[in-house]
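Right, one structure below, let's go through it.
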Protein chains: 2
Amino acid sequence: MAALDNSGTIDISEQIKALANPYRLKMLEWLMDPKSHFPEQLDADLVEDGVCVGFLTEKAGLSQPTVTSHMQKLARARFVTSKKIKNWVYYRPDQMQIENFLQALRGRIAP
Amino acid sequence: MAALDNSGTIDISEQIKALANPYRLKMLEWLMDPKSHFPEQLDADLVEDGVCVGFLTEKAGLSQPTVTSHMQKLARARFVTSKKIKNWVYYRPDQMQIENFLQALRGRIAP
DNA sequence: ATTGCACATCGGAATATATCTATATAGATA
DNA sequence: TATCTATATAGATATATTCCGATGTGCAAT
């Protein structure tokens with residue numbers, strides 16, 4: 001490619017792609033305010049630990065493997081982190097990385 | 001879809017998708033600072049009128065139809081406007097819309 | 001009128017993405 | 001140990017995206 005230099009690390013384009021799916025964007029929104037969107041969990045705190053895949057699956061109305069795949073893409077883009085407790089995997093937004101991304105994006109396309 | 005309500009207007013997801021291609025992102029970056037990336041034009045001003053498809057095509061290293069397609073996607077997402085002068089079509093960033101988008105995105109995924 | 005130029009549109013091929021079902025895995029419980 | 005539960009992985013299919021070459025369109029200059 002003449003115009004692009006992708007030789008680097010974790011690309012901002014990968015991060016944008018991670019947000020470029022309506023379900024992933026919605027799920028990230030839910031995770032940002034989990035108490036408004038999910039019931040309390042027995043073995044984990046919605047805010048501290050995150051939201052389990054089962055809850056996300058039910059709310060999204062997709063199959064569990066599809067939701068897992070979406071969440072892994074959000075994780076690869078560093079927008080969320082995951083933590084396993086007992087049988088559950090909890091996804092939680094990484095607000096620092098999200099903020100970094102927003103500023104990086106603004107730096108590119110704003111004056 | 002259980003989780004999504006796309007019945008509305010010009011979706012933010014469409015805007016994100018428009019940025020989710022490395023060439024489109026790059027070209028929008030170029031357009032934000034056209035004097036740094038393109039030579040002066042005879043019949044139009046780089047800043048006031050925008051950059052012609054030919055220049056974008058040459059710099060991107062893609063075919064002209066591909067660049068046209070990319071630019072149309074950016075235009076559909078309202079990130080750029082286009083103006084025809086003589087034989088040329090000039091694309092220019094819509095900074096107001098870009099700012100609106102950035103704030104809308106922040107409003108969704110930032111605390 | 002004819003030609004040439006710049007861009008748009010069309011059609012098709014290659015690749016990527018999204019989704020599902022079926023199955024595997026890991027941890028907890030009986 | 002055997003089983004259940006929650007999530008991950010694998011494989012398949014449908015759709016979307018990206019890209020190009022060929023062709024169409026509109027305007028300008030000859």
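Note on naming: chains are A, B, ... as they come in the structure tokens, residues start from 1 per chain, ligands start from 1 in the order shown.
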Can you superpose chain B onto chain A by least squares over all C-alpha atoms paired in order and give the moved copy as a PDB file with C-alpha atoms, in the first residue's frame?
```pdb
ATOM      1  CA  MET B   1       0.114  -0.084   0.007  1.00  0.00           C
ATOM      2  CA  ALA B   2       1.414   3.246  -1.000  1.00  0.00           C
ATOM      3  CA  ALA B   3      -0.542   5.340   1.408  1.00  0.00           C
ATOM      4  CA  LEU B   4      -0.689   3.313   4.538  1.00  0.00           C
ATOM      5  CA  ASP B   5       1.863   2.352   7.105  1.00  0.00           C
ATOM      6  CA  ASN B   6       0.399  -0.394   9.223  1.00  0.00           C
ATOM      7  CA  SER B   7       3.737  -1.696  10.429  1.00  0.00           C
ATOM      8  CA  GLY B   8       3.083  -0.335  13.890  1.00  0.00           C
ATOM      9  CA  THR B   9       1.340  -1.519  17.000  1.00  0.00           C
ATOM     10  CA  ILE B  10      -2.318  -1.748  17.952  1.00  0.00           C
ATOM     11  CA  ASP B  11      -3.900   0.249  15.217  1.00  0.00           C
ATOM     12  CA  ILE B  12      -6.538   2.887  15.733  1.00  0.00           C
ATOM     13  CA  SER B  13      -8.284   1.419  12.706  1.00  0.00           C
ATOM     14  CA  GLU B  14      -8.656  -1.837  14.584  1.00  0.00           C
ATOM     15  CA  GLN B  15     -10.214   0.059  17.441  1.00  0.00           C
ATOM     16  CA  ILE B  16     -12.607   1.859  15.135  1.00  0.00           C
ATOM     17  CA  LYS B  17     -13.549  -1.445  13.542  1.00  0.00           C
ATOM     18  CA  ALA B  18     -14.310  -2.819  16.962  1.00  0.00           C
ATOM     19  CA  LEU B  19     -16.880  -0.064  17.397  1.00  0.00           C
ATOM     20  CA  ALA B  20     -18.206  -0.336  13.874  1.00  0.00           C
ATOM     21  CA  ASN B  21     -20.744  -2.989  14.731  1.00  0.00           C
ATOM     22  CA  PRO B  22     -24.018  -1.891  16.292  1.00  0.00           C
ATOM     23  CA  TYR B  23     -24.086  -4.752  18.770  1.00  0.00           C
ATOM     24  CA  ARG B  24     -20.561  -4.151  19.952  1.00  0.00           C
ATOM     25  CA  LEU B  25     -21.209  -0.447  20.338  1.00  0.00           C
ATOM     26  CA  LYS B  26     -24.397  -1.143  22.256  1.00  0.00           C
ATOM     27  CA  MET B  27     -22.728  -3.679  24.506  1.00  0.00           C
ATOM     28  CA  LEU B  28     -19.936  -1.265  25.300  1.00  0.00           C
ATOM     29  CA  GLU B  29     -22.559   1.334  26.154  1.00  0.00           C
ATOM     30  CA  TRP B  30     -24.249  -1.139  28.467  1.00  0.00           C
ATOM     31  CA  LEU B  31     -20.973  -1.909  30.145  1.00  0.00           C
ATOM     32  CA  MET B  32     -20.342   1.764  30.774  1.00  0.00           C
ATOM     33  CA  ASP B  33     -23.469   1.889  32.925  1.00  0.00           C
ATOM     34  CA  PRO B  34     -24.083  -1.704  33.920  1.00  0.00           C
ATOM     35  CA  LYS B  35     -26.384  -0.978  36.862  1.00  0.00           C
ATOM     36  CA  SER B  36     -28.886   0.576  34.471  1.00  0.00           C
ATOM     37  CA  HIS B  37     -28.876  -2.390  32.160  1.00  0.00           C
ATOM     38  CA  PHE B  38     -28.302  -5.565  34.151  1.00  0.00           C
ATOM     39  CA  PRO B  39     -29.511  -7.165  37.359  1.00  0.00           C
ATOM     40  CA  GLU B  40     -27.118  -7.654  40.224  1.00  0.00           C
ATOM     41  CA  GLN B  41     -24.860 -10.692  40.078  1.00  0.00           C
ATOM     42  CA  LEU B  42     -24.260 -13.199  42.828  1.00  0.00           C
ATOM     43  CA  ASP B  43     -20.530 -13.742  42.627  1.00  0.00           C
ATOM     44  CA  ALA B  44     -19.380 -10.472  41.159  1.00  0.00           C
ATOM     45  CA  ASP B  45     -20.002  -6.758  41.245  1.00  0.00           C
ATOM     46  CA  LEU B  46     -21.404  -5.182  38.093  1.00  0.00           C
ATOM     47  CA  VAL B  47     -19.092  -2.188  38.306  1.00  0.00           C
ATOM     48  CA  GLU B  48     -15.976  -3.593  39.934  1.00  0.00           C
ATOM     49  CA  ASP B  49     -15.863  -6.912  38.117  1.00  0.00           C
ATOM     50  CA  GLY B  50     -17.996  -6.373  35.047  1.00  0.00           C
ATOM     51  CA  VAL B  51     -20.888  -8.143  33.402  1.00  0.00           C
ATOM     52  CA  CYS B  52     -20.976 -11.844  32.641  1.00  0.00           C
ATOM     53  CA  VAL B  53     -21.351 -13.186  29.122  1.00  0.00           C
ATOM     54  CA  GLY B  54     -24.691 -14.746  29.933  1.00  0.00           C
ATOM     55  CA  PHE B  55     -26.284 -11.409  30.740  1.00  0.00           C
ATOM     56  CA  LEU B  56     -24.855  -9.804  27.641  1.00  0.00           C
ATOM     57  CA  THR B  57     -26.092 -12.714  25.559  1.00  0.00           C
ATOM     58  CA  GLU B  58     -29.603 -12.503  26.902  1.00  0.00           C
ATOM     59  CA  LYS B  59     -29.835  -8.736  26.477  1.00  0.00           C
ATOM     60  CA  ALA B  60     -28.336  -8.701  23.001  1.00  0.00           C
ATOM     61  CA  GLY B  61     -30.578 -11.434  21.695  1.00  0.00           C
ATOM     62  CA  LEU B  62     -27.698 -13.161  19.937  1.00  0.00           C
ATOM     63  CA  SER B  63     -26.224 -16.590  20.460  1.00  0.00           C
ATOM     64  CA  GLN B  64     -23.632 -17.037  23.164  1.00  0.00           C
ATOM     65  CA  PRO B  65     -20.780 -17.815  20.744  1.00  0.00           C
ATOM     66  CA  THR B  66     -21.578 -14.676  18.795  1.00  0.00           C
ATOM     67  CA  VAL B  67     -21.495 -12.547  21.912  1.00  0.00           C
ATOM     68  CA  THR B  68     -18.238 -14.132  23.002  1.00  0.00           C
ATOM     69  CA  SER B  69     -16.775 -13.298  19.628  1.00  0.00           C
ATOM     70  CA  HIS B  70     -17.950  -9.706  19.869  1.00  0.00           C
ATOM     71  CA  MET B  71     -16.546  -9.309  23.340  1.00  0.00           C
ATOM     72  CA  GLN B  72     -13.220 -10.723  22.282  1.00  0.00           C
ATOM     73  CA  LYS B  73     -13.026  -8.143  19.554  1.00  0.00           C
ATOM     74  CA  LEU B  74     -13.733  -5.391  22.044  1.00  0.00           C
ATOM     75  CA  ALA B  75     -11.048  -6.866  24.271  1.00  0.00           C
ATOM     76  CA  ARG B  76      -8.510  -7.069  21.449  1.00  0.00           C
ATOM     77  CA  ALA B  77      -9.185  -3.405  20.814  1.00  0.00           C
ATOM     78  CA  ARG B  78      -8.535  -2.793  24.526  1.00  0.00           C
ATOM     79  CA  PHE B  79     -11.940  -1.302  25.172  1.00  0.00           C
ATOM     80  CA  VAL B  80     -12.735  -3.970  27.744  1.00  0.00           C
ATOM     81  CA  THR B  81     -10.924  -6.313  30.066  1.00  0.00           C
ATOM     82  CA  SER B  82     -12.113  -9.692  31.191  1.00  0.00           C
ATOM     83  CA  LYS B  83     -11.898 -11.542  34.464  1.00  0.00           C
ATOM     84  CA  LYS B  84     -12.878 -15.103  35.254  1.00  0.00           C
ATOM     85  CA  ILE B  85     -14.580 -15.878  38.557  1.00  0.00           C
ATOM     86  CA  LYS B  86     -15.761 -19.410  39.119  1.00  0.00           C
ATOM     87  CA  ASN B  87     -17.602 -20.380  35.978  1.00  0.00           C
ATOM     88  CA  TRP B  88     -18.239 -16.893  34.732  1.00  0.00           C
ATOM     89  CA  VAL B  89     -16.279 -14.462  32.623  1.00  0.00           C
ATOM     90  CA  TYR B  90     -16.919 -10.806  33.350  1.00  0.00           C
ATOM     91  CA  TYR B  91     -16.283  -8.024  30.908  1.00  0.00           C
ATOM     92  CA  ARG B  92     -15.636  -4.522  32.123  1.00  0.00           C
ATOM     93  CA  PRO B  93     -14.853  -1.343  30.162  1.00  0.00           C
ATOM     94  CA  ASP B  94     -11.326   0.021  30.287  1.00  0.00           C
ATOM     95  CA  GLN B  95     -12.108   3.681  30.667  1.00  0.00           C
ATOM     96  CA  MET B  96      -8.516   4.778  30.394  1.00  0.00           C
ATOM     97  CA  GLN B  97      -8.106   3.066  27.043  1.00  0.00           C
ATOM     98  CA  ILE B  98     -11.420   4.404  25.837  1.00  0.00           C
ATOM     99  CA  GLU B  99     -10.368   7.913  26.734  1.00  0.00           C
ATOM    100  CA  ASN B 100      -7.033   7.439  25.008  1.00  0.00           C
ATOM    101  CA  PHE B 101      -8.829   6.246  21.926  1.00  0.00           C
ATOM    102  CA  LEU B 102     -11.251   9.151  21.851  1.00  0.00           C
ATOM    103  CA  GLN B 103      -8.416  11.629  22.126  1.00  0.00           C
ATOM    104  CA  ALA B 104      -6.363   9.854  19.502  1.00  0.00           C
ATOM    105  CA  LEU B 105      -9.306   9.855  17.139  1.00  0.00           C
ATOM    106  CA  ARG B 106      -9.950  13.530  17.761  1.00  0.00           C
ATOM    107  CA  GLY B 107      -6.290  14.234  17.178  1.00  0.00           C
ATOM    108  CA  ARG B 108      -6.573  12.696  13.746  1.00  0.00           C
ATOM    109  CA  ILE B 109      -9.775  14.091  12.341  1.00  0.00           C
ATOM    110  CA  ALA B 110     -10.394  17.299  14.245  1.00  0.00           C
ATOM    111  CA  PRO B 111      -8.608  20.563  13.446  1.00  0.00           C
TER     112      PRO B 111
END
```
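Any residue of chain C with an atom no more than 12 Å from chain B counts as a contact; using only C-alpha atoms (C1' of nucleotides), that gives C:DG4, C:DC5, C:DA6, C:DC7, C:DA8, C:DT9, C:DC10.
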Counting only C-alpha atoms (C1' of nucleotides), the residue of D:DC19, D:DA12, D:DA28, D:DA2 that sits nearest DA30 of chain C: D:DA2
Report as a ChimeraX atom specification: the residues of chain B with a DSSP assignment of helix (DSSP H, G or I), based on the backbone of this structure. /B:12-19,22-32,34-37,53-60,64-76,95-109
Write out as a list in words every residue belonging to chain D that has an atom at most 9 Å from any atom of chain A, counting only C-alpha atoms (C1' of nucleotides).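 Every residue meeting the condition is included here: DT5, DA6, DT7, DA8 and DT9 of chain D.
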Filtered DSSP result for segment 13-89 of chain B, state strand (DSSP E), as number ranges by chain: B: 51-52, 80-85, 88-89
Just give me the gap between atom C1' of DG11 of chain D and atom C1' of DA28 of chain C in Å, one decimal is fine. 29.5 Å
Would you work out the distance separating atom C1' of DT3 of chain C from atom C1' of DA22 of chain D, expressed in Å to one decimal?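 Here the two named atoms are 19.6 Å from each other.
The space between atom C1' of DG26 of chain D and atom C1' of DG11 of chain C spans 22.3 Å.
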